[in-house]
Every structure is written in structure tokens, then in C-alpha cells.
Protein chains: 2
Amino acid sequence: MREDILEIGGAKRRITIHDVAAAAGVSISTASKALNNNGRMGDETRERVKRVAMEIGFRPNALARGLLSKRSFTIGLLTNDTYGRFTLPVMAGVSEALVDHGVSVFLCAIEDDPALGQIHVEAMLDKQVDGIIATGKRLDRRLPVDLSNLPVPVVYAFTEGTPDSVTFRSDDAHGATLAVQWLQQIGRQRIVHITGPRDFFSVHERADAFSQAAGVAEPVMYGVWSESWGHEAIAQIWSRSGEKPDALFCGNDQIARGAVDALRERGIKVPEDVSVIGFDNWEIVAAQTRPPLTTVDMELKELGRQAGLTVLALAEGRPVEPGVRKLPCRLVVRQSCGGDSPRK
Amino acid sequence: MREDILEIGGAKRRITIHDVAAAAGVSISTASKALNNNGRMGDETRERVKRVAMEIGFRPNALARGLLSKRSFTIGLLTNDTYGRFTLPVMAGVSEALVDHGVSVFLCAIEDDPALGQIHVEAMLDKQVDGIIATGKRLDRRLPVDLSNLPVPVVYAFTEGTPDSVTFRSDDAHGATLAVQWLQQIGRQRIVHITGPRDFFSVHERADAFSQAAGVAEPVMYGVWSESWGHEAIAQIWSRSGEKPDALFCGNDQIARGAVDALRERGIKVPEDVSVIGFDNWEIVAAQTRPPLTTVDMELKELGRQAGLTVLALAEGRPVEPGVRKLPCRLVVRQSCGGDSPRK
DNA sequence: CAAAAGTGAGAAAACCTTTTCTCACTTGAC
DNA sequence: GTCAAGTGAGAAAAGGTTTTCTCACTTTTG
């Protein structure tokens, strides 16, 4: 039996500060003050209480504490990203940043269902969460639930927020620029951008940055977020007459993988003949591609970390400037561009 | 401003049962009893209290309620599956099963770090979780944290549990049998099993079931859980002399994908010449393979759902038989075996 | 030596809800 | 007209913790 559970008449009972007080021969208030380094008392008393508390394995009941302090040391993470591709790194960052502060995270997957979203938000509020982080799978879409005017702070991460809120997002233009500059550094001249559907905001951002960095004459091909579109795009390019590109910048890793596979099937060598860069750094796709993909990482874990620290600051009443914060991307160099350093 | 927040001197205050009582002109106790359909009172009074509570948007404070009832309506999900491939479906099932009961889920990713695991477990216990579900990425490994003798019930899902605990897992032998029988039904005779490392328990289970169903003479090839092993296995088989298989049963979808790609590159048609079945039904891999993979789904969401309901039952003191429960798998038919029904 | 200042520790209220107990009043029966 | 039973609703305690207030006692100061 664990030492910090009292067995009384067969029923387990958690040990409370009453037990500590009794064991140390002091009052409850003294025990509390000793443990929290509050109030006035002799050093000997304080140490004795602490020692006794440690010995009998006392851990304060967070419910009781929260009731009084109006802080539950709990936040909610709301997401509509069922597959978890974006939410998982964000969640990891949030959790990592907050565990040091004793904050736990409720994960609520609401799957684009407004009713389910409402239920989860109400459940979180009932449980007195200190704040909510809303995250999703798309920068330019709202979660299907109204988070304005909640009694707790809300921070948006990788999803569209309200105008006066704090929103963290990736700087897709930066990511695209990184990719193009890398390709140029290794000597590539004719770059094609194969990307996703036009109605994604991030598609525009990346495409605009691409045009600016690569030159407005370089072609942009819009399609869908799948491997097969990568295949098809290659088929289209190589069925056209004229000079072929020596580099591809793809809108995500799946498209890039499709393109790489299609090139290989045509006998075109990656990276010797054509360099390819993806986007997302989705390990399972990027690392398993032959050759493994050089790709743009949106640093979602860092994004989650910052969102976590921000919601904590807001919960503690510290002032936070509202607005959109764009986080820089990072180029992850693997083998699909040729070598791990720019050619001279 | 939302109706359920009172603005007092600039500070937001959540509304409590005191406000309901005052607004309805009754005492706190009467208000509580009215809302919980407890105690005795006139129908008119009860209805009036309920109406008033609804109007001013009262929601009971779960912390206060939990303090009294010793139920927090909160459970913890502990996982070491950083990538979330297995945890995400489990989590979805748990959440889906418990949201109806007003239970929220703390997600704690501990990444095989015992210290981190300890921290998370203690944080959960402090927050008085009603129970813990432990889940992982491997059936035959323990989480790096001791969950025995906790003051709350623990249920294991897709991870090795203690002998006297309740454990839910997939029936891998059943899944393998399903795969082989399907291949036999569509007329395949010579099946090869290409699977993962020998030290995985589920690899043995699947391989044994494979041998039993396909015949002990059919070859089993052990390797790693990657696409490249799928490639290599195909290279090995086709470099050997003798009759080639007309079907492959792969240990996971990544191996299957690698195998399918390798076959295509050799000009061998899937499914016309060789049928391929994967394992895991990992959408992102299975659905993007050309052709999309027929594969075995371990029904992890259902597994999560049952784990959730079980931990709830234990939390409520209902008796649950300890032991290992194996959940049947399901064959997801796509196009890598040929057609969507057995050949005659 | 008396008053003031300082020190150690406990009592009680507060957080919000639920539940048991008690009380006053009404109704029905004899 | 009295007593018992029934009805409606409030008082109070409990749950575990923190914090403020108070009190008794000791030390310092003039």
C-alpha cells in the first residue's frame, strides 16, 4: 500500500492537511502557512511541518485550492484537427511549456461539430479552466464555436482568431522564401511551385512569397493537397514543350512525395536533375520519401509553447498585446535538394 | 457582455448558486435542491428556480462540486506515443465515450521519460482525476512509470498492464487471420508475410496466426517497420529463384506501401499479379498508396471507447472483471487486393 | 518596572456546492 | 378542537485549502 493513502475501514482516503497538522502537532493554519512559506512561525516549526508532510506524502488537493484561488491550473486545448497532424506538435509544445507551471491540459477534439464544440467549451468552463487555446488545421478558418466573451482568456494557435485576440501562426511567406533562397543558393534557376487549392490563405502567402523570391515569371500550379496531384503536376510539366524546371517547391510534403515518385518513374534523378523541397516537415512522409525530403518546418511545437505561455500570462492577469504573431519557419535539410550545403 | 458573467467594479465574476437563489427569492439550499431534482418543494418553486438559473446562465462550479462529491469528472490519458499514431484514435474513442458523461480528459504525453511521467501522474492525482488510462505505442511494453497502487483506478489500452489490471488490446491474431482468409477467398495461393522486428510481441502473434491460416510452409520475413524494408523484401524475393508469391501480407501499412512501390517499379501489377494487404489502416499511408491499400484496422477508437467506459465504471465503484480483453480487428477493403469482393 | 514592539501560532472566514437535519405551517382524522 | 401526518423551505455542516485576524506571550525600550 502506498504511504500517502490511509486505509480506514477498508476505504482509501487521501491524506489532507489535517493529517499533516495532526502529525506535526500544529494547527491546520500553521501547517498551511509552513508549507506555503507564508505567515510567521519559528524555523523549527516550519521545517518540522515540511518534513512531516513529505514523510506522510501529503499532496494538496488542487480542487480545494482552486476553489479558493480561482485558479484551476488547468487549460483547455480545443481543436478540429481530427487527424492531429498539426494539433499534435502544438499540443506537445503547450504541454511542455505548462507542465513546469503545474498546469494540465484538457484536449478536446470537436471535429467541426458546433454542438460538440459547445459541449466541450461548457465542460471546460464548468471545470474552471484558467484559459483556452484554440487550434485547428487551417490558418484561415474559424473553429465552429464562439469563443468571444468567455470568462477566461483565449489564445488562438494555427487557426483564425477574433480581431482583438492573441493569435499565433506560422510565417508561411518566410517559409517559402527560405525554400526559394536555398534552391537559388545551390544553383537552381528554373523553379516551379506546385501547391494546394487556391482558397487556402496560406497557399496565397506561399505563392506570393515564391513569386517575389523566384521571379514573377516562374510558374505556380494550384491543385489539391495529395500525392496524386504531385504526380499529375509532373505529368503536366513534362508533357509540355519547352525547358523543364531544375527545382520544385511543393506546397506540402505529400505533393512533394508524389512529385519525387513521379520523377523517379520518369527516370529523372532527384536531386541530381531536379531539386525538390516540401512543406510541413511531416516526418512520416518527408523521412520515408526516396530520397528523404528537404522541407520547411513550421515550428508548430514552438508555436504551441508560446501559446501556452501566453494563455498562462493572461490567466495570471499579466498584460499581453493583442494581435497576430507570425513565427519564423525553419528549413530542414535532407537529401532531396542535393547535399547538405549550398553548391559553390 | 455575456449574460452569465457579472461585471462588478470592473472585475468579471462567475455567477454562483447564490445569484440564482437571490434572483428566485429562495435560499441556497432550495435552489440547489431544485436544480438537482432533490428534496421536497412545490412544483412552482422548482420550476421558477430552474427558469431563473437558465435565464441568468448559471453553471455549477465543478471544483466545488468535486470537492464534495470526491468526483472530479476528469480522467487522465497517459501516453508515450509521441507521434500519436496509436494514441490519437484511442483518445478520440475515450473522449467520445466520456463527453456524454460530463467527463473531460487530460492528455499527458510523457515520451518514455520516467521523471516526466512521474510529474504528470502527480499533477493528475493532485487534480483528483477519477481514473487514469494508460496507452502507448506497443502492446508488449510498459509505460516508464509505476501506476500500481494509485488511489484511482487505472485501465490499460494498447500497452502492457499489470497482471491484476484491466487491459484492452487488439486481437492481432484475429487481424492476421482475417487478412489471410481474405486472400485465400480471392484465390491467392502463395502468400508471404513481410513484417517487423522479431522482438515485438504482436509480430509473433500475427506471424503465428499467419502460419496457422496460410500454412506453415509459407514464408515469414522479419525486418523493420519501414517502407524501405518493404522495398528490400521485394528485392530479396524476386532475386531468389523459384515460384513467386501471388499475395503479400505486410506487418504494417508502411511496409506494404514500400512493397507496392517496389512491385510497380519491377513492372509487377498490384493487384492483378500480386495482392497486398497491410496492417494498421493508417489512413495517410494506406489511402495514398497506389493502389490504395486493403488493410487490417485494429479498431483503436472502439478500444478507446471501451477503455473510457471501463475506467468510468471503476471510478463509480461498479465492479469490473480484471484481465486482458482482446478486441476483434476489421478488414478495410480498398484496391490492393483486387475488387471489393472475393473472386469466385 | 511599565509600556511598546515583536513573535509564534491558532481561530475563523472564505471559496461554491450538496445534503441532512430541523422547523414551521397546513391538512386530515378522530 | 387536538393530535398526527404531511409539506415546503431554510439552517447548517461538510469537503480541503488559504488567508486574515486575533491573541497570548516574549523581548526590547525608556
# chains A, B, ... in the order shown; residues from 1 in each chain; ligands from 1

$ residues_around --residues "region 13-15 of chain D" --least-positions-apart "4" --cutoff "9 Å" --atoms "only C-alpha atoms (C1' of nucleotides)" --output "list in words"
Ala64 of chain A; Ala64, Gly66, Leu67, Leu68, Ser69 and Lys70 of chain B; DT18, DT19 and DT20 of chain C

$ write_last_selection --atoms "C-alpha atoms (C1' of nucleotides)" --output "compact mmCIF listing (two decimals), in the first residue's frame"
# COMPACT_ATOMS: atom_id res chain seq x y z
CA ALA A 64 -9.91 22.83 -2.86
CA ALA B 64 -16.82 22.92 -5.58
CA GLY B 66 -15.96 17.78 -6.95
CA LEU B 67 -14.67 18.76 -3.57
CA LEU B 68 -17.82 17.49 -2.00
CA SER B 69 -18.60 14.50 -4.17
CA LYS B 70 -14.99 13.36 -4.47
C1' DT C 18 -24.68 19.41 -1.84
C1' DT C 19 -27.10 17.07 1.72
C1' DT C 20 -29.01 16.21 6.08

$ residues_around --residues "Val105 (chain B)" --least-positions-apart "2" --cutoff "6 Å" --atoms "only C-alpha atoms (C1' of nucleotides)" --output "list in words"
Phe106 of chain A; Thr74, Ile75 and Gly76 of chain B

$ select_by_dssp --residues "region 37-108 of chain A" --states "strand (DSSP E)" --output "JSON, numbers by chain"
{"A": [74, 75, 76, 77, 78, 79, 104, 105, 106, 107, 108]}

$ closest_atom_pairs --of "chain A" --to "chain B" --cutoff "6 Å" --atoms "only C-alpha atoms" --output "CSV"
residue,atom,partner,partner_atom,distance
A:Asn61,CA,B:Asp126,CA,5.5
A:Ala62,CA,B:Lys127,CA,5.0
A:Leu63,CA,B:Leu63,CA,5.3
A:Val105,CA,B:Phe106,CA,5.5
A:Phe106,CA,B:Phe106,CA,4.5
A:Asp126,CA,B:Ala62,CA,5.4
A:Lys127,CA,B:Ala62,CA,5.0

$ interface_residues --of "chain A" --to "chain C" --cutoff "7 Å" --atoms "only C-alpha atoms (C1' of nucleotides)" --output "PyMOL selection string"
chain A and resi 27+30+40-42+67-68

$ write_last_selection --atoms "N, CA and C atoms" --output "PDB file, in the first residue's frame"
ATOM      1  N   SER A  27      -1.633  23.470  14.294  1.00  0.00           N
ATOM      2  CA  SER A  27      -2.971  23.689  13.737  1.00  0.00           C
ATOM      3  C   SER A  27      -2.914  23.625  12.215  1.00  0.00           C
ATOM      4  N   THR A  30      -1.349  26.736  10.674  1.00  0.00           N
ATOM      5  CA  THR A  30       0.110  26.745  10.760  1.00  0.00           C
ATOM      6  C   THR A  30       0.713  25.799   9.723  1.00  0.00           C
ATOM      7  N   ARG A  40       4.055  33.861   9.793  1.00  0.00           N
ATOM      8  CA  ARG A  40       5.199  33.911  10.705  1.00  0.00           C
ATOM      9  C   ARG A  40       5.203  32.684  11.593  1.00  0.00           C
ATOM     10  N   MET A  41       6.352  32.097  11.732  1.00  0.00           N
ATOM     11  CA  MET A  41       6.478  31.000  12.703  1.00  0.00           C
ATOM     12  C   MET A  41       7.962  30.671  12.858  1.00  0.00           C
ATOM     13  N   GLY A  42       8.281  29.900  13.876  1.00  0.00           N
ATOM     14  CA  GLY A  42       9.679  29.549  14.105  1.00  0.00           C
ATOM     15  C   GLY A  42      10.210  28.659  13.004  1.00  0.00           C
ATOM     16  N   LEU A  67     -10.647  26.204  -5.765  1.00  0.00           N
ATOM     17  CA  LEU A  67     -11.903  26.829  -5.352  1.00  0.00           C
ATOM     18  C   LEU A  67     -11.615  28.185  -4.724  1.00  0.00           C
ATOM     19  N   LEU A  68     -10.581  28.205  -3.938  1.00  0.00           N
ATOM     20  CA  LEU A  68     -10.249  29.423  -3.201  1.00  0.00           C
ATOM     21  C   LEU A  68      -9.492  30.423  -4.083  1.00  0.00           C
TER      22      LEU A  68
END

$ closest_residue --among "B:Leu78, B:Val145, B:Ala21, B:Met221" --to "Ile194 (chain B)" --atoms "only C-alpha atoms"
B:Met221

$ residues_around --residues "Gly304 (chain A)" --least-positions-apart "2" --cutoff "8 Å" --atoms "only C-alpha atoms (C1' of nucleotides)" --output "MDAnalysis selection string"
chainID A and resid 89:94 157 300:302 306:308

$ closest_residue --among "A:Val52, A:Ala256, A:Ala31, A:Cys337" --to "chain D" --atoms "only C-alpha atoms (C1' of nucleotides)"
A:Ala31

$ atom_distance --atom1 "CA of Gly131 (chain B)" --atom2 "CA of Arg169 (chain B)"
18.5 Å

$ select_by_dssp --residues "region 110-261 of chain B" --states "alpha helix (DSSP H)" --output "PyMOL selection string"
chain B and resi 114-126+172-185+201-214+227-239+253-261

$ interface_residues --of "chain D" --to "chain B" --cutoff "12 Å" --atoms "only C-alpha atoms (C1' of nucleotides)" --output "list in words"
DG6, DT7, DG8, DA9, DG10, DA11, DA12, DA13, DA14, DG15, DG16 and DT17 of chain D

$ atom_distance --atom1 "CA of Ala23 (chain A)" --atom2 "CA of Glu44 (chain A)"
14.9 Å

$ atom_distance --atom1 "CA of Cys329 (chain A)" --atom2 "CA of Thr135 (chain A)"
18.0 Å

$ residues_around --residues "Asp19 (chain A)" --least-positions-apart "5" --cutoff "9 Å" --atoms "only C-alpha atoms (C1' of nucleotides)" --output "list of chain:residue names"
A:Ala24, A:Ile28, A:Ala53, A:Ile56, A:Phe58

$ write_last_selection --atoms "C-alpha atoms" --output "short mmCIF file (atom, residue, chain, number, x, y, z; two decimals), in the first residue's frame"
data_model
loop_
_atom_site.label_atom_id
_atom_site.label_comp_id
_atom_site.auth_asym_id
_atom_site.auth_seq_id
_atom_site.Cartn_x
_atom_site.Cartn_y
_atom_site.Cartn_z
CA ALA A 24 3.23 17.67 13.27
CA ILE A 28 -4.17 23.46 10.16
CA ALA A 53 4.30 16.47 5.12
CA ILE A 56 3.42 11.03 5.04
CA PHE A 58 0.96 14.92 1.58
#
